[in-house]
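Dropping final_10.txt in here (compact mmCIF, C-alpha atoms and all ligand atoms):
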# COMPACT_ATOMS: atom_id res chain seq x y z
CA MET H 13 11.23 -41.43 28.82
CA ALA H 14 9.15 -42.05 25.71
CA ASN H 15 10.20 -40.01 22.69
CA LYS H 16 7.58 -37.62 21.34
CA PRO H 17 6.63 -38.91 17.86
CA ALA H 18 8.09 -36.67 15.15
CA ARG H 19 5.37 -34.52 13.65
CA LYS H 20 4.88 -34.93 9.93
CA ILE H 21 5.70 -31.71 8.05
CA LEU H 22 2.73 -31.00 5.81
CA ARG H 23 3.08 -30.05 2.17
CA THR H 24 0.38 -28.44 0.06
CA SER H 25 -0.22 -31.86 -1.55
CA ASP H 26 -1.39 -33.02 1.91
CA PHE H 27 -4.04 -30.32 1.97
CA GLY H 28 -6.66 -32.18 -0.10
CA ASP H 29 -7.42 -30.13 -3.16
CA PHE H 30 -5.12 -27.21 -2.40
CA THR H 31 -6.29 -25.27 -5.47
CA ILE H 32 -9.62 -24.71 -3.69
CA TRP H 33 -7.85 -23.11 -0.71
CA ALA H 34 -5.53 -21.14 -2.99
CA ALA H 35 -8.52 -19.81 -4.94
CA ALA H 36 -10.34 -18.86 -1.70
CA ILE H 37 -7.26 -16.95 -0.47
CA GLU H 38 -6.76 -15.22 -3.82
CA GLU H 39 -10.42 -14.23 -4.00
CA ARG H 40 -10.18 -12.50 -0.63
CA THR H 41 -6.79 -10.84 -1.08
CA GLY H 42 -6.08 -10.76 -4.80
CA VAL H 43 -2.70 -12.35 -3.99
CA GLN H 44 -1.85 -15.24 -6.33
CA ILE H 45 -0.39 -18.32 -4.67
CA THR H 46 2.73 -18.62 -6.81
CA PRO H 47 5.29 -21.40 -6.00
CA ASP H 48 7.25 -18.91 -3.85
CA ARG H 49 4.20 -17.97 -1.85
CA GLU H 50 3.13 -21.60 -1.64
CA ARG H 51 6.38 -22.32 0.20
CA ALA H 52 5.91 -19.37 2.60
CA LEU H 53 2.30 -20.40 3.19
CA THR H 54 3.29 -24.02 3.91
CA LEU H 55 5.84 -22.91 6.50
CA PHE H 56 3.29 -20.63 8.14
CA LEU H 57 0.58 -23.31 8.19
CA ASN H 58 2.92 -25.91 9.70
CA ARG H 59 4.02 -23.51 12.43
CA ARG H 60 0.52 -22.33 13.33
CA MET H 61 -1.01 -25.81 13.32
CA GLU H 62 1.74 -26.99 15.63
CA GLU H 63 1.25 -23.98 17.96
CA LEU H 64 -2.52 -24.50 18.06
CA GLY H 65 -2.30 -28.29 18.29
CA CYS H 66 -4.58 -28.54 15.28
CA PRO H 67 -3.71 -31.66 13.24
CA ASP H 68 -6.21 -31.17 10.42
CA ILE H 69 -5.41 -28.62 7.74
CA ASN H 70 -8.99 -28.42 6.49
CA GLU H 71 -10.24 -27.68 9.98
CA TYR H 72 -7.55 -25.02 10.41
CA LEU H 73 -8.28 -23.27 7.07
CA ASN H 74 -12.03 -23.40 7.66
CA GLU H 75 -11.54 -21.54 10.96
CA ALA H 76 -9.03 -19.05 9.52
CA LEU H 77 -11.34 -18.19 6.63
CA ASP H 78 -14.30 -17.57 8.93
CA VAL H 79 -14.76 -13.81 8.77
CA THR H 80 -15.52 -13.29 12.47
CA ARG H 81 -13.99 -16.23 14.36
CA GLY H 82 -10.87 -16.33 12.22
CA ALA H 83 -10.05 -12.61 11.99
CA GLN H 84 -6.81 -12.82 14.00
CA GLU H 85 -5.64 -16.05 12.37
CA TRP H 86 -6.52 -14.79 8.92
CA SER H 87 -4.45 -11.66 9.46
CA GLY H 88 -1.35 -13.78 10.22
CA LEU H 89 -2.00 -16.07 7.27
CA VAL H 90 -2.31 -13.13 4.87
CA ASP H 91 0.84 -11.58 6.29
CA SER H 92 2.79 -14.73 5.48
CA LEU H 93 1.91 -14.21 1.79
CA LEU H 94 2.61 -10.51 1.41
CA VAL H 95 5.69 -8.84 0.03
CA LYS H 96 6.02 -5.68 2.10
CA GLU H 97 9.32 -4.42 0.78
CA THR H 98 9.43 -0.62 0.68
CA SER H 99 11.67 2.37 1.28
CA PHE H 100 11.58 6.14 1.66
CA PHE H 101 11.46 8.05 -1.65
CA ARG H 102 11.50 4.72 -3.46
CA HIS H 103 10.94 5.95 -7.02
CA ARG H 104 12.62 9.32 -7.41
CA PRO H 105 11.01 10.32 -10.77
CA SER H 106 7.53 9.73 -9.26
CA ILE H 107 8.39 11.77 -6.18
CA ASP H 108 9.72 14.64 -8.36
CA PHE H 109 6.50 14.49 -10.38
CA VAL H 110 4.40 14.71 -7.18
CA SER H 111 6.32 17.82 -6.17
CA SER H 112 5.68 19.67 -9.48
CA TRP H 113 2.09 18.36 -9.72
CA VAL H 114 1.30 19.72 -6.22
CA LYS H 115 2.70 23.16 -7.07
CA GLU H 116 0.68 23.30 -10.29
CA THR H 117 -2.54 22.00 -8.72
CA ILE H 118 -2.66 24.33 -5.73
CA ASN H 119 -2.06 27.32 -8.01
CA GLN H 120 -5.18 26.60 -10.08
CA ASP H 121 -8.13 28.93 -9.40
CA ALA H 122 -10.49 25.97 -9.22
CA PHE H 123 -8.52 24.40 -6.39
CA SER H 124 -9.72 24.98 -2.85
CA GLY H 125 -7.68 22.95 -0.40
CA PRO H 126 -6.87 21.00 1.62
CA LEU H 127 -5.11 18.54 -0.66
CA TRP H 128 -5.87 14.86 -0.02
CA VAL H 129 -3.42 12.12 -0.94
CA TRP H 130 -3.95 8.35 -0.64
CA SER H 131 -0.99 6.02 -0.38
CA LEU H 132 -2.54 2.64 -1.22
CA GLY H 133 -0.57 -0.46 -0.24
CA CYS H 134 1.58 1.76 1.96
CA SER H 135 3.25 -1.13 3.80
CA THR H 136 5.17 0.09 6.88
CA GLY H 137 4.60 3.78 6.12
CA GLU H 138 7.77 4.95 4.37
CA GLU H 139 5.83 5.82 1.19
CA ALA H 140 3.11 7.79 3.00
CA TYR H 141 5.69 9.79 5.01
CA SER H 142 7.76 10.43 1.85
CA LEU H 143 4.61 11.84 0.23
CA ALA H 144 3.89 13.97 3.31
CA ILE H 145 7.42 15.44 3.21
CA THR H 146 7.19 16.06 -0.56
CA VAL H 147 3.78 17.76 -0.36
CA GLU H 148 4.82 19.87 2.64
CA ARG H 149 7.97 21.04 0.92
CA ALA H 150 6.19 21.77 -2.38
CA MET H 151 3.54 23.88 -0.63
CA ARG H 152 6.15 25.86 1.30
CA GLU H 153 8.24 26.37 -1.84
CA VAL H 154 5.34 28.19 -3.52
CA GLY H 155 4.70 30.23 -0.38
CA ARG H 156 1.52 28.40 0.72
CA GLU H 157 0.61 27.34 4.22
CA PRO H 158 0.68 23.49 4.10
CA ARG H 159 -2.93 22.29 4.10
CA PHE H 160 -3.06 18.61 3.29
CA GLY H 161 -3.78 15.15 4.64
CA ILE H 162 -2.36 11.77 3.71
CA ILE H 163 -4.22 8.49 4.11
CA GLY H 164 -2.12 5.33 4.11
CA THR H 165 -3.89 1.97 3.76
CA ASP H 166 -2.64 -1.59 3.67
CA ILE H 167 -4.14 -5.04 4.11
CA SER H 168 -1.43 -5.98 6.63
CA ARG H 169 -2.28 -5.15 10.25
CA GLU H 170 1.32 -5.66 11.26
CA ALA H 171 2.56 -3.17 8.62
CA ILE H 172 -0.01 -0.57 9.68
CA PHE H 173 0.98 -0.98 13.34
CA HIS H 174 4.58 -0.23 12.35
CA ALA H 175 3.53 2.68 10.11
CA ARG H 176 1.57 4.36 12.92
CA ARG H 177 4.58 4.23 15.24
CA GLY H 178 6.73 5.83 12.54
CA ILE H 179 10.04 4.53 13.95
CA TYR H 180 12.73 3.46 11.48
CA ARG H 181 16.30 2.15 11.66
CA SER H 182 19.17 4.19 10.20
CA SER H 183 19.56 1.51 7.53
CA LYS H 184 16.09 2.52 6.23
CA MET H 185 17.03 6.21 6.08
CA ALA H 186 19.57 6.08 3.22
CA MET H 187 17.27 7.91 0.78
CA VAL H 188 16.27 10.62 3.27
CA ASP H 189 18.39 13.72 2.59
CA ALA H 190 20.05 15.52 5.52
CA PRO H 191 17.62 18.51 5.58
CA ALA H 192 14.60 16.15 5.55
CA CYS H 193 16.16 14.11 8.34
CA ARG H 194 16.69 17.27 10.40
CA ASP H 195 13.24 18.79 9.70
CA TYR H 196 11.02 15.72 9.86
CA PHE H 197 12.67 13.15 12.15
CA ASP H 198 13.86 12.93 15.78
CA GLN H 199 16.60 10.55 16.78
CA VAL H 200 15.01 8.35 19.45
CA GLY H 201 17.75 5.79 20.07
CA ASP H 202 20.87 4.17 18.71
CA HIS H 203 20.30 4.09 14.95
CA LEU H 204 16.59 4.74 15.45
CA TRP H 205 14.61 7.67 14.03
CA ARG H 206 11.02 8.67 14.58
CA VAL H 207 8.90 10.81 12.27
CA LYS H 208 8.18 14.08 14.10
CA ALA H 209 4.73 14.33 15.68
CA GLU H 210 3.70 17.28 13.45
CA LEU H 211 4.21 15.17 10.34
CA ARG H 212 2.67 12.03 11.88
CA GLN H 213 -0.47 14.04 12.61
CA ARG H 214 -0.85 14.69 8.91
CA VAL H 215 -0.91 10.98 8.09
CA CYS H 216 -3.73 8.62 8.99
CA PHE H 217 -3.10 4.88 8.62
CA LEU H 218 -5.84 2.27 8.20
CA THR H 219 -5.84 -1.48 7.77
CA SER H 220 -7.87 -1.99 4.63
CA ASN H 221 -8.18 -4.56 1.89
CA ILE H 222 -8.80 -2.77 -1.40
CA LEU H 223 -10.92 -5.69 -2.60
CA THR H 224 -13.42 -5.73 0.24
CA ASP H 225 -13.32 -2.62 2.41
CA ARG H 226 -15.65 0.29 2.05
CA SER H 227 -14.40 2.50 4.87
CA PRO H 228 -16.36 5.77 5.33
CA LEU H 229 -13.03 7.62 5.25
CA MET H 230 -12.56 6.45 1.70
CA ARG H 231 -15.74 8.21 0.56
CA ARG H 232 -13.69 11.40 0.46
CA LYS H 233 -12.54 12.36 -3.04
CA MET H 234 -8.77 12.21 -3.38
CA HIS H 235 -6.57 14.63 -5.31
CA LEU H 236 -3.74 12.16 -5.66
CA ILE H 237 -3.83 8.38 -5.42
CA TYR H 238 -0.37 6.87 -5.21
CA CYS H 239 -0.38 3.11 -5.62
CA GLN H 240 2.99 1.60 -6.40
CA ASN H 241 4.31 -1.96 -6.33
CA MET H 242 0.99 -3.41 -5.20
CA LEU H 243 -0.95 -4.05 -8.42
CA VAL H 244 1.97 -6.09 -9.69
CA TYR H 245 0.84 -8.95 -7.39
CA PHE H 246 -2.65 -9.05 -8.95
CA ARG H 247 -3.80 -10.70 -12.16
CA ARG H 248 -4.11 -8.29 -15.10
CA TRP H 249 -7.93 -8.22 -15.23
CA LYS H 250 -8.02 -7.59 -11.47
CA ARG H 251 -5.61 -4.66 -11.85
CA ARG H 252 -8.02 -3.03 -14.32
CA GLU H 253 -10.93 -3.58 -11.98
CA ILE H 254 -9.02 -1.96 -9.11
CA VAL H 255 -7.90 0.98 -11.27
CA ASN H 256 -11.51 1.62 -12.33
CA GLN H 257 -12.46 1.59 -8.66
CA LEU H 258 -9.65 4.05 -7.84
CA ILE H 259 -10.69 6.42 -10.61
CA ASN H 260 -14.09 6.72 -8.87
CA HIS H 261 -12.28 7.95 -5.77
CA LEU H 262 -10.48 10.72 -7.69
CA ASP H 263 -11.42 14.36 -7.59
CA ASN H 264 -12.13 15.85 -11.06
CA HIS H 265 -8.65 17.31 -11.24
CA GLY H 266 -7.13 14.32 -9.50
CA CYS H 267 -4.16 12.22 -10.52
CA LEU H 268 -3.56 8.48 -10.23
CA MET H 269 0.06 7.34 -9.98
CA LEU H 270 1.05 3.71 -10.39
CA GLY H 271 4.40 1.96 -10.48
CA LEU H 272 6.06 1.88 -13.87
CA GLY H 273 4.78 -1.03 -15.99
CA GLU H 274 2.01 -2.03 -13.57
CA LEU H 275 -0.66 -1.30 -16.15
CA SER H 276 0.26 -1.87 -19.76
CA ASN H 277 -1.73 -1.56 -23.01
CA TRP H 278 -4.77 -0.18 -21.26
CA ILE H 279 -5.90 3.26 -20.09
CA PRO H 280 -8.97 3.88 -17.92
CA GLU H 281 -11.82 5.46 -19.87
CA GLY H 282 -11.79 9.27 -19.92
CA TYR H 283 -8.19 9.38 -18.69
CA ALA H 284 -4.85 9.90 -20.39
CA ARG H 285 -1.31 9.11 -19.38
CA THR H 286 0.67 12.22 -18.54
CA ALA H 287 4.30 12.92 -19.39
CA PRO H 288 7.08 12.08 -18.63
CA ARG H 289 7.40 8.39 -19.60
CA SER H 290 9.67 7.70 -16.61
CA ILE H 291 6.53 7.69 -14.45
CA GLN H 292 3.06 6.19 -14.83
CA ALA H 293 0.42 8.82 -14.03
CA TYR H 294 -3.12 9.39 -15.29
CA THR H 295 -5.36 12.45 -15.22
CA LYS H 296 -8.80 13.17 -16.69
CA VAL H 297 -8.77 14.09 -20.36
CA GLU H 298 -10.61 17.42 -19.78
CA ALA H 299 -8.10 18.33 -17.06
CA ILE H 300 -5.25 17.86 -19.53
CA GLU H 301 -7.04 19.86 -22.25
CA GLN H 302 -7.75 22.72 -19.84
CA GLY H 303 -4.08 22.77 -18.77
CA GLU H 304 -2.97 22.96 -22.42
CA ALA H 305 -5.42 25.80 -23.20
CA GLN H 306 -4.10 27.95 -20.36
C1 LIG H 401 5.70 -4.34 -2.17
S1 LIG H 401 4.71 -3.48 -1.05
C2 LIG H 401 4.78 -1.85 -1.74
C3 LIG H 401 4.88 -0.77 -0.68
C4 LIG H 401 4.93 0.65 -1.24
N1 LIG H 401 3.74 0.97 -1.98
C5 LIG H 401 6.15 0.84 -2.10
O1 LIG H 401 6.02 0.95 -3.31
O2 LIG H 401 7.26 0.89 -1.55
C6 LIG H 401 3.05 -4.02 -1.47
C7 LIG H 401 2.04 -3.73 -0.37
O3 LIG H 401 0.72 -3.94 -0.87
C8 LIG H 401 -0.05 -4.47 0.19
N2 LIG H 401 -1.25 -5.17 -0.32
C9 LIG H 401 -1.28 -6.36 -0.99
N3 LIG H 401 -2.54 -6.71 -1.27
C10 LIG H 401 -3.34 -5.72 -0.77
C11 LIG H 401 -4.76 -5.50 -0.75
N4 LIG H 401 -5.61 -6.41 -1.26
N5 LIG H 401 -5.22 -4.36 -0.17
C12 LIG H 401 -4.36 -3.47 0.38
N6 LIG H 401 -3.01 -3.63 0.41
C13 LIG H 401 -2.51 -4.73 -0.17
C14 LIG H 401 0.92 -5.41 0.91
O4 LIG H 401 0.54 -5.69 2.24
C15 LIG H 401 2.23 -4.63 0.83
O5 LIG H 401 2.48 -3.88 1.99

If you took the structure in this file and wrote it as structure tokens, what would it be?
Amino acid sequence: MANKPARKILRTSDFGDFTIWAAAIEERTGVQITPDRERALTLFLNRRMEELGCPDINEYLNEALDVTRGAQEWSGLVDSLLVKETSFFRHRPSIDFVSSWVKETINQDAFSGPLWVWSLGCSTGEEAYSLAITVERAMREVGREPRFGIIGTDISREAIFHARRGIYRSSKMAMVDAPACRDYFDQVGDHLWRVKAELRQRVCFLTSNILTDRSPLMRRKMHLIYCQNMLVYFRRWKRREIVNQLINHLDNHGCLMLGLGELSNWIPEGYARTAPRSIQAYTKVEAIEQGEAQ
């Protein structure tokens, strides 16, 4: 029996001028092709080209980058580049801030609910559900009927699929306290927990690329935009562009929360950073002045 010839493993140097492909991918996603990601991308490309029997990298990338024909392939390619690491209640000081901010905001005369929160770059949903639990608890603690909605968006289809199911392994539940586990999760198997339906109904997940999508849902003004550990993958000028875009989505009394250190030496116009320094949150200057005058 004749031996199948060993297939040559492609490296990025085999891809013609790889910087052109890297720039095209970064333009669409904002994700920089660092050496780490270059390795992940090479592995993905080798596997997919073998599966599809496509020997020519340029042909493959041309197809994958075609907006209509390549949608499915593109989604897998992007996924190979993304860091989707996340956890419930990931940054405690930010979560504590959300709780006190919600209580303060819903007690203002000018506020007429419901409260809308956007978890941007929500990955597999842990962040959006943590926000839902925090907002629900805060509203109950001040004796209000919970009236709120959470929108979770991410560029990764696979992550959003997981988020919508809302099923997590026990190993992912370490930061969920016992009362939250009892009130907001059902055990659905050995070491498996599912977010209760009542909480899942509060959270709507969408696949969306912040750089290109203009979903009608996003025309709604948000009271809180929570975007952590996503901007860090973008170049500095791009981060500013995205933050300016997010500010336009904020309600007048809205608040933008980023991950600590994701935006340094720059503040969006008309906004100020709020205390404490252990978090990175911005509100409109007039909103801060009004709060101080009260
Ligand atoms: C490291 S995770 C952070 C998850 C969560 N925010 C947290 O802090 O735990 C970064 C997420 O940003 C998403 N992301 C990257 N680029 C994006 C883009 N252009 N539009 C929307 N989401 C994006 C990734 O898919 C990934 O799930």

Spatial neighbours of range 145-150 of chain H, max dist 8 Å, all atoms listed in the file, sep filter under 2 positions, as a PyMOL selection string: chain H and resi 107+110-112+114-115+141-143+152-154+158+160+192+196+211

Env. residues ligand LIG 401 (chain H) / 6 Å / all atoms listed in the file / as a ChimeraX atom specification: /H:41-42,94-99,133-135,139,166-168,220-223,239-242

Residue nearest Val215 in chain H among H:Gly282, H:Gly155, H:Gly266, H:Gly137 (counting all atoms listed in the file):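 Checking each of H:Gly282, H:Gly155, H:Gly266, H:Gly137 against Val215 in chain H, counting all atoms listed in the file, the winner is H:Gly137.
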
Nearest to Glu38 in chain H by atom-to-atom distance, counting only C-alpha atoms, from H:Phe100, H:Tyr72, H:Phe246, H:Phe197: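 Looking at the shortest contact to Glu38 in chain H, the residue is H:Phe246.
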
Nearest to Ala171 in chain H by atom-to-atom distance, counting all atoms listed in the file, from H:Phe101, H:Asn119, H:Ser92, H:Leu127: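 Selected residue with least distance to Ala171 in chain H: H:Ser92.
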
Could the residues of range 200-285 of chain H that have an atom at most 6 Å from range 179-187 of chain H be listed as a tab-separated table, each with its closest atom pair and the distance in Å to one decimal, counting all atoms listed in the file and ordered by chain and ascending residue number?
residue	atom	partner	partner_atom	distance
H:His203	CA	H:Ser182	CA	4.9
H:Leu204	CA	H:Arg181	CA	4.6
H:Trp205	CA	H:Tyr180	CA	5.3
H:Arg206	CA	H:Ile179	CA	4.3

Two-atom distance - CA of Arg177 in chain H, CA of Arg212 in chain H (Å):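 Between these atoms lies a distance of 8.7 Å.
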
Separation of CA of Thr136 in chain H from CA of Ser106 in chain H in Å: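 For CA of Ser106 in chain H relative to CA of Thr136 in chain H, the distance reads 18.9 Å.
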